[in-house]
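See structure below.
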Amino acid sequence: MFSRNAIKFEAIAGLALVALVLARSASRAEDTIASKHDIERVEKFKAVVIDGVEARRKLAQVMNDTVFSFGELAYQEFETSKYLTDLLEKNGFSVERGVAGMPTAWVARWGSGRPVIALGSDIDCLPKASQKPGVAYREPLVDGAPGHGEGHNSGQAVNIVAALAVKELMEREKLSGTLVVWPGVAEELLGGKAFFVRAGMFKDVDAVLFTHVSDDFSTSWGQPTGTGMISVEYTFEGESAHAAARPWRGRNALRAVELMNIGWDFRREQLRPEQRSHYVITDGGDQPNVIPPRASVWYFFREMDFENIKKNYQIGNKIAEAAAIMTDTKVTRKVIGTAAPRHFNKTLAETLQSNIERVGLPQWSEDEQTFAKAVQRLAEGKEDGLNIAVKKLEPPAARPESGGSDDIGDVSWAVPTVTLRYPANIPNLPGHNWANAIAMATPIAHKGIVAGSKVMAMTMIDLLMRPELIQSAKTYFTNVQLKNNKVLPLLSESDQPQIQLNRETMERYRPQMRKFYYDASKYNTYLDQLGVKFPTLTKAQ
Ligand SMILES: [Zn+2]
């Protein structure tokens, strides 16, 4: 039964509801007007930063070619870091050097307030990959020397050019925000980023935009193809003896290494097919007539998730101990690096992708395509030239495939992170090889860097102007990524960056390599300095 009062109440409630709806739709209309204005502003700013990147095309080429010519191995990136930090300081960034216990690590900051956007890219190169750029044949610049056989010489140019273009706009428009630029030190040893995270480098960061050289223009979210890993060196200690006169007096450390390797290789059959593991003997003794009193072997244990990485690491430790028992030697181990499996942020990937699609792949010239095919032929890869189409952003695979690791994984569990793969290299090459260095100081790399830089700059504008994106990235990070995955620490408190690695190799080759450092004050490009006419398809006889 309805009372009058109840009817009256209903009527009033009804009126209130109508009023509320009207008010809401009014505010929605205001929202629309405001957001339309915001969208126009974002678009205007994006046009400005694209011009800002274009204006720095020369700077991008000089940075890329200079870092290429330094060719520095993991932990020995001294010339590279000096050059980049000087450049950032000259452009108004404040630089902190020697961070996280690594002399070649640094972090550069500019601006104030939120959001804090951190741009990262690797800087180290690979052993024995020295190669003359711009020629489709094998020719080291310095025989046996390291070289950029992956293309880590290009990423800081992508980031810094984007940061400078955005900084210029932020100054003019007085926009709030902090830009952080940081290097992936010793990425080829998976030996930098876990230490950065442990040192708190990303504590106040809202989003990490990472860049990595590629032959396509893409990004991804969730877990990509690839693994995480623990890198560890086992050292066996025995006793030396005359290998012919009194071999029974010795305890052979090299035999322990061999037994460990045999044990591991037999055990592989019982491991998940997704695992990847490999080793090199870093110390196999001195000469045959001395029983090796000391020998070392360096392992990478790779797997798809934290639990399986740790499991295989523990199996490795057990086999090492068993090898020590068999040979009456003692074994110790030292963790050299770790990489968490990667997990990228959905919101950040979608934002990047929208800008990738707007920029598109560079317009490759006939010469560039011909050159790319010649290099593919040389490296015995499929001869289909440079990529011309942008890939769609696909949801992550239900079962990602196995493969390599990247210590950006460690950063990806500390802060919302995404990787932009920019098109600066040739497809279908072996990877970690001198052939991957050939394009990396040519117009192919230069064009790919500028395209990547535009995407980075536009994405930074999105993040600076649309706080809801940062919010959404954080929601995904907390409510999806961290909720659905079990994260286990791979690095222990006592593990330290092994900054002595590669020191001797770099000292041996640097004097010869110095003669090939790029002098941008004298030569337009590094190819000009080397006297290479691009594209050179065959070696002059
Ligand atoms: Zn890399």
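Numbering starts fresh at 1 for the residues of each chain in the structure tokens, the chains themselves are lettered A, B, ... in the order given, and ligands are numbered from 1 as they appear.
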
Do you know which residues are within 7 Å of ligand 1 using only C-alpha atoms and all ligand atoms? Can you write them as a tab-separated table (two decimals) with C-alpha atoms, in the first residue's frame?
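And here's out04.tsv as it stands now:
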chain	number	residue	atom	x	y	z
A	122	ASP	CA	71.62	-0.45	-23.84
A	150	GLU	CA	73.70	-6.17	-32.26
A	152	HIS	CA	73.27	-1.11	-29.05
A	187	GLU	CA	73.29	-5.82	-21.06
A	188	GLU	CA	75.21	-8.39	-23.09
A	212	HIS	CA	65.88	-1.67	-28.43
A	406	ASP	CA	67.04	-9.13	-21.57

Contacts of Val450 in chain A within 7 Å, only C-alpha atoms, excl. fewer than 6 positions in-chain, as an MDAnalysis selection string: chainID A and resid 53 57 158

Picked from range 316-457 of chain A by DSSP as alpha helix (DSSP H), as a VMD selection string: chain A and resid 316 to 327 346 to 359 366 to 378 408 to 412 443 to 457

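Look at Arg249 in chain A: the protein and nucleic acid residues within 8 Å of it, using only C-alpha atoms and passing over chain neighbours fewer than 4 places away, are Glu239, Ser240 and Ala241 of chain A.
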
Save out the residues we just selected, N, CA and C atoms, as a short mmCIF file (atom, residue, chain, number, x, y, z; two decimals), in the first residue's frame.
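Dumped to part_16.cif:
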data_model
loop_
_atom_site.label_atom_id
_atom_site.label_comp_id
_atom_site.auth_asym_id
_atom_site.auth_seq_id
_atom_site.Cartn_x
_atom_site.Cartn_y
_atom_site.Cartn_z
N GLU A 239 94.75 -29.23 -6.81
CA GLU A 239 96.18 -29.08 -6.47
C GLU A 239 96.99 -29.41 -7.71
N SER A 240 98.02 -28.63 -7.96
CA SER A 240 98.84 -28.90 -9.14
C SER A 240 99.86 -30.00 -8.85
N ALA A 241 100.38 -30.59 -9.91
CA ALA A 241 101.45 -31.59 -9.80
C ALA A 241 102.07 -31.74 -11.18
#

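Surrounding range 351-358 of chain A within 10 Å are A:Lys46, A:Leu209, A:Phe217, A:Ser218, A:Thr219, A:Ser220, A:Ala389, A:Val390, A:Lys391, A:Lys392, A:Leu393, A:Val418, A:Thr419, A:Leu420, A:Arg421, A:Tyr422, A:Ala451, A:Gly452, A:Lys454, A:Val455, A:Met456, A:Ala457, A:Met458, A:Thr459, A:Met460, A:Asp462, A:Leu463, A:Leu469, with only C-alpha atoms counted and residues fewer than 6 positions along the same chain left out.
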
For the selection you just gave me, I'd like the residues written to a file as a short mmCIF file (atom, residue, chain, number, x, y, z; two decimals), in the first residue's frame, keeping C-alpha atoms.
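Result file selection33.cif:
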data_model
loop_
_atom_site.label_atom_id
_atom_site.label_comp_id
_atom_site.auth_asym_id
_atom_site.auth_seq_id
_atom_site.Cartn_x
_atom_site.Cartn_y
_atom_site.Cartn_z
CA LYS A 46 53.05 16.14 -31.08
CA LEU A 209 60.04 3.65 -21.97
CA PHE A 217 58.78 -1.26 -35.67
CA SER A 218 56.85 -2.84 -32.85
CA THR A 219 56.02 -3.18 -29.21
CA SER A 220 54.26 -5.74 -27.04
CA ALA A 389 54.92 -2.58 -42.93
CA VAL A 390 54.10 -2.00 -39.27
CA LYS A 391 52.93 -5.07 -37.38
CA LYS A 392 49.66 -5.02 -35.45
CA LEU A 393 49.76 -5.05 -31.67
CA VAL A 418 57.46 -1.07 -22.24
CA THR A 419 60.00 -1.63 -25.03
CA LEU A 420 59.93 0.11 -28.39
CA ARG A 421 61.64 -1.93 -31.08
CA TYR A 422 62.72 0.53 -33.77
CA ALA A 451 61.50 7.13 -36.77
CA GLY A 452 61.96 5.59 -33.31
CA LYS A 454 59.47 10.44 -33.16
CA VAL A 455 57.47 7.63 -31.57
CA MET A 456 59.25 8.13 -28.25
CA ALA A 457 58.68 11.89 -28.31
CA MET A 458 54.98 11.54 -29.16
CA THR A 459 54.50 8.90 -26.48
CA MET A 460 56.13 11.19 -23.92
CA ASP A 462 50.79 11.42 -24.35
CA LEU A 463 52.10 10.58 -20.88
CA LEU A 469 47.34 6.96 -19.03
#

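Across range 215-271 of chain A, DSSP run on the backbone finds strand (DSSP E) at Gly228, Met229, Ile230, Ser231, Val232, Glu233, Tyr234, Thr235, Phe236 and Glu237 of chain A.
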
Any chance you could export the current selection's N, CA and C atoms as a PDB file, in the first residue's frame?
ATOM      1  N   GLY A 228      64.008 -15.618 -18.854  1.00  0.00           N
ATOM      2  CA  GLY A 228      64.820 -14.935 -17.851  1.00  0.00           C
ATOM      3  C   GLY A 228      65.983 -15.860 -17.531  1.00  0.00           C
ATOM      4  N   MET A 229      66.913 -15.419 -16.718  1.00  0.00           N
ATOM      5  CA  MET A 229      68.077 -16.274 -16.494  1.00  0.00           C
ATOM      6  C   MET A 229      68.895 -15.896 -15.276  1.00  0.00           C
ATOM      7  N   ILE A 230      69.754 -16.861 -14.877  1.00  0.00           N
ATOM      8  CA  ILE A 230      70.820 -16.591 -13.911  1.00  0.00           C
ATOM      9  C   ILE A 230      72.134 -16.967 -14.587  1.00  0.00           C
ATOM     10  N   SER A 231      73.106 -16.073 -14.491  1.00  0.00           N
ATOM     11  CA  SER A 231      74.432 -16.291 -15.060  1.00  0.00           C
ATOM     12  C   SER A 231      75.398 -16.478 -13.898  1.00  0.00           C
ATOM     13  N   VAL A 232      76.103 -17.601 -13.906  1.00  0.00           N
ATOM     14  CA  VAL A 232      76.929 -17.923 -12.726  1.00  0.00           C
ATOM     15  C   VAL A 232      78.224 -18.610 -13.149  1.00  0.00           C
ATOM     16  N   GLU A 233      79.303 -18.230 -12.500  1.00  0.00           N
ATOM     17  CA  GLU A 233      80.598 -18.872 -12.769  1.00  0.00           C
ATOM     18  C   GLU A 233      80.973 -19.783 -11.600  1.00  0.00           C
ATOM     19  N   TYR A 234      81.294 -21.049 -11.919  1.00  0.00           N
ATOM     20  CA  TYR A 234      81.750 -22.018 -10.917  1.00  0.00           C
ATOM     21  C   TYR A 234      83.261 -22.121 -11.017  1.00  0.00           C
ATOM     22  N   THR A 235      83.932 -22.046  -9.881  1.00  0.00           N
ATOM     23  CA  THR A 235      85.389 -22.203  -9.866  1.00  0.00           C
ATOM     24  C   THR A 235      85.759 -23.386  -8.976  1.00  0.00           C
ATOM     25  N   PHE A 236      86.528 -24.302  -9.560  1.00  0.00           N
ATOM     26  CA  PHE A 236      86.976 -25.491  -8.834  1.00  0.00           C
ATOM     27  C   PHE A 236      88.433 -25.296  -8.438  1.00  0.00           C
ATOM     28  N   GLU A 237      88.745 -25.682  -7.209  1.00  0.00           N
ATOM     29  CA  GLU A 237      90.123 -25.576  -6.705  1.00  0.00           C
ATOM     30  C   GLU A 237      90.630 -26.972  -6.376  1.00  0.00           C
TER      31      GLU A 237
END

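Distance check against Gly381 in chain A using only C-alpha atoms: of A:Leu254, A:Ala194, A:Val532, A:Ile426, the minimum falls on A:Ile426.
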
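We find CA of Arg114 in chain A and CA of Lys174 in chain A to be spaced 12.7 Å apart.
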
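Using only C-alpha atoms, the residues found no farther than 12 Å from Thr370 in chain A, other than those of its own chain fewer than 6 positions away, are A:Gly134, A:Val135, A:Ala136, A:Trp364, A:Gln376, A:Arg377, A:Glu383, A:Asp384, A:Gly385, A:Leu386, A:Ile426, A:Ile444, A:Phe534, A:Pro535, A:Thr536, A:Leu537.
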